Amino acid sequence: MAPLITDPEQLYISLLENFKVAQTNFLNLRKALFRTLQGDHFLLKLQYNPERIRSTAAQIDEKTLKERKCFLCPAHLLPGQKGVPYGSRYTIFINPYPIFDRHFTIPDQSHIPQLIEGRFGDMLRLAKDFPCYTLFYNGPRCGASAPDHFHFQMASQGVMPVEKEIENWTVLQNNPSYQIGTIENYLRKIIILKSDQRIVLENLFLQILSLLRKNIPSEPEPMINLLCWYTSSHWNVIIFPRRGLRPRQFYAAGEDKILFSPGCVDFAGLLVTPRKEDYNRYTPELLEELFGQLTLTDKTWGKIYPSLCTLTPSLNL
Ligand SMILES: [Zn+2]
């Protein structure tokens, strides 16, 4: 399975042509404000981006989803929006409401639910076919604004802080064909996998999903955000297991309200804030409190951690 266009820059330029909404929003993105927050063991980049209010505040209850026109279905594309097929199953679009200079959305060609099982291998293939890019996946209850329509997203490699921070990881298992690790004392619990063998990663990923299913909310699948990229002849995979979608402050009124509804990109350390008041008020302490409501408790992590140290791919290698 290979993309029809192998040069992502050419792909971006061709998809942006005549796509007015995206042209405007990619230009506006250059005016987005940024600042960084340094915690004791983490760095966060904050982006003030009012256009992302649609995604951050998206209602994803069943009734709303049924009544809205699905923006990932071919029948409801925006004026000028076009895509290119990838393999037999996916289409590559540019995201009309970008967070990144290069931001693609890769939905299934059919309107079927966001579930990762059976798709992780596709994600690895995409990462290898687009080696300067990072693929990411929001679970249906972990930030996906279209949980009813399967999709990946893709952005230029190296923009999200976690991509750099995993250099300081703790290796839990070091084998010739794979490594498993984490980052200690991080703002959120993180599982890191590295391998140059796709079949090994697919097998480990399935086992980790099964492990998570026993320990975290798992309806319709274990709550995760997932990233992967290919560099130096191997894949890097990051799994953020979660126990919640939004913190209590999201539902508060008045001054207590914080529009914090993190997806993969936010867990990866690039915090997208559509409201100026939130952008200004974030501190490392406040973000520890917010992420603390959504990431795993130490108690739950303590049940998962020993298994990460002993997992082995159930394959004849
Ligand atoms: Zn759809």
# chains A, B, ... in the order shown; residues from 1 in each chain; ligands from 1
call {"tool": "residues_near_ligand", "arguments": {"ligand": "ligand 1", "cutoff": "8 Å", "atoms": "only C-alpha atoms and all ligand atoms", "output": "number ranges by chain"}}
result
A: 69-74, 110-112, 146, 148-150
call {"tool": "residues_around", "arguments": {"residues": "Met154 in chain A", "least_positions_apart": "4", "cutoff": "7 Å", "atoms": "only C-alpha atoms", "output": "number ranges by chain"}}
result
A: 103-105, 133-136
call {"tool": "select_by_dssp", "arguments": {"residues": "range 6-204 of chain A", "states": "helix (DSSP H, G or I)", "output": "MDAnalysis selection string"}}
result
chainID A and resid 8:16 20:29 50:56 62:67 74:76 120:129 161:168 198:204
call {"tool": "write_last_selection", "arguments": {"atoms": "C-alpha atoms", "output": "PDB file, in the first residue's frame"}}
result
ATOM      1  CA  PRO A   8       3.765  15.496   1.357  1.00  0.00           C
ATOM      2  CA  GLU A   9       4.713  19.083   0.533  1.00  0.00           C
ATOM      3  CA  GLN A  10       3.377  18.654  -3.000  1.00  0.00           C
ATOM      4  CA  LEU A  11       0.308  16.985  -1.526  1.00  0.00           C
ATOM      5  CA  TYR A  12      -0.279  19.914   0.816  1.00  0.00           C
ATOM      6  CA  ILE A  13       0.037  22.473  -1.985  1.00  0.00           C
ATOM      7  CA  SER A  14      -2.308  20.589  -4.304  1.00  0.00           C
ATOM      8  CA  LEU A  15      -4.963  20.068  -1.608  1.00  0.00           C
ATOM      9  CA  LEU A  16      -4.846  23.705  -0.529  1.00  0.00           C
ATOM     10  CA  LYS A  20     -10.608  28.945   0.609  1.00  0.00           C
ATOM     11  CA  VAL A  21     -11.529  28.038   4.216  1.00  0.00           C
ATOM     12  CA  ALA A  22      -8.260  26.178   4.682  1.00  0.00           C
ATOM     13  CA  GLN A  23      -6.223  28.883   2.935  1.00  0.00           C
ATOM     14  CA  THR A  24      -7.590  31.485   5.356  1.00  0.00           C
ATOM     15  CA  ASN A  25      -7.057  29.303   8.414  1.00  0.00           C
ATOM     16  CA  PHE A  26      -3.527  28.271   7.468  1.00  0.00           C
ATOM     17  CA  LEU A  27      -2.711  31.974   7.047  1.00  0.00           C
ATOM     18  CA  ASN A  28      -4.349  32.803  10.399  1.00  0.00           C
ATOM     19  CA  LEU A  29      -2.333  30.080  12.076  1.00  0.00           C
ATOM     20  CA  PRO A  50      -9.674  30.654  18.499  1.00  0.00           C
ATOM     21  CA  GLU A  51     -10.615  28.623  15.403  1.00  0.00           C
ATOM     22  CA  ARG A  52     -10.287  25.411  17.399  1.00  0.00           C
ATOM     23  CA  ILE A  53     -13.345  26.201  19.522  1.00  0.00           C
ATOM     24  CA  ARG A  54     -15.341  23.812  17.281  1.00  0.00           C
ATOM     25  CA  SER A  55     -13.160  20.909  18.244  1.00  0.00           C
ATOM     26  CA  THR A  56     -12.520  21.720  21.919  1.00  0.00           C
ATOM     27  CA  GLU A  62     -25.201  10.348  20.226  1.00  0.00           C
ATOM     28  CA  LYS A  63     -28.120  12.688  19.466  1.00  0.00           C
ATOM     29  CA  THR A  64     -25.867  15.548  18.294  1.00  0.00           C
ATOM     30  CA  LEU A  65     -23.817  13.188  16.144  1.00  0.00           C
ATOM     31  CA  LYS A  66     -26.912  11.742  14.492  1.00  0.00           C
ATOM     32  CA  GLU A  67     -28.350  15.156  13.678  1.00  0.00           C
ATOM     33  CA  PRO A  74     -17.450  12.652   1.136  1.00  0.00           C
ATOM     34  CA  ALA A  75     -21.010  13.987   0.773  1.00  0.00           C
ATOM     35  CA  HIS A  76     -20.362  16.920   3.133  1.00  0.00           C
ATOM     36  CA  PHE A 120      -2.906   0.031  14.147  1.00  0.00           C
ATOM     37  CA  GLY A 121      -1.017  -1.665  11.284  1.00  0.00           C
ATOM     38  CA  ASP A 122      -2.413   0.986   8.896  1.00  0.00           C
ATOM     39  CA  MET A 123      -1.080   3.678  11.213  1.00  0.00           C
ATOM     40  CA  LEU A 124       2.401   2.115  11.125  1.00  0.00           C
ATOM     41  CA  ARG A 125       2.291   1.915   7.316  1.00  0.00           C
ATOM     42  CA  LEU A 126       1.295   5.562   7.059  1.00  0.00           C
ATOM     43  CA  ALA A 127       4.112   6.579   9.405  1.00  0.00           C
ATOM     44  CA  LYS A 128       6.625   4.737   7.251  1.00  0.00           C
ATOM     45  CA  ASP A 129       5.212   6.144   4.013  1.00  0.00           C
ATOM     46  CA  PRO A 161       7.214  18.335  22.945  1.00  0.00           C
ATOM     47  CA  VAL A 162       6.818  14.632  23.767  1.00  0.00           C
ATOM     48  CA  GLU A 163       8.648  13.723  20.560  1.00  0.00           C
ATOM     49  CA  LYS A 164      11.769  15.264  22.078  1.00  0.00           C
ATOM     50  CA  GLU A 165      11.075  14.349  25.706  1.00  0.00           C
ATOM     51  CA  ILE A 166      11.112  10.601  25.052  1.00  0.00           C
ATOM     52  CA  GLU A 167      14.885  10.928  24.640  1.00  0.00           C
ATOM     53  CA  ASN A 168      14.959  10.930  28.456  1.00  0.00           C
ATOM     54  CA  ARG A 198       5.799  -3.947  12.343  1.00  0.00           C
ATOM     55  CA  ILE A 199       4.482  -7.353  13.353  1.00  0.00           C
ATOM     56  CA  VAL A 200       6.144  -7.076  16.773  1.00  0.00           C
ATOM     57  CA  LEU A 201       4.587  -3.682  17.409  1.00  0.00           C
ATOM     58  CA  GLU A 202       1.150  -4.848  16.295  1.00  0.00           C
ATOM     59  CA  ASN A 203       1.345  -7.783  18.670  1.00  0.00           C
ATOM     60  CA  LEU A 204       2.593  -5.713  21.621  1.00  0.00           C
TER      61      LEU A 204
END
call {"tool": "closest_residue", "arguments": {"among": "A:Ile190, A:Cys228, A:Ile99, A:Val237", "to": "Phe267 in chain A", "atoms": "only C-alpha atoms"}}
result
A:Ile190
call {"tool": "closest_residue", "arguments": {"among": "A:Thr91, A:Thr170, A:Thr182, A:Thr36", "to": "Phe152 in chain A", "atoms": "only C-alpha atoms"}}
result
A:Thr91
call {"tool": "closest_residue", "arguments": {"among": "A:Asp61, A:Glu277, A:Asp298, A:Glu285", "to": "Lys189 in chain A", "atoms": "only C-alpha atoms"}}
result
A:Asp298
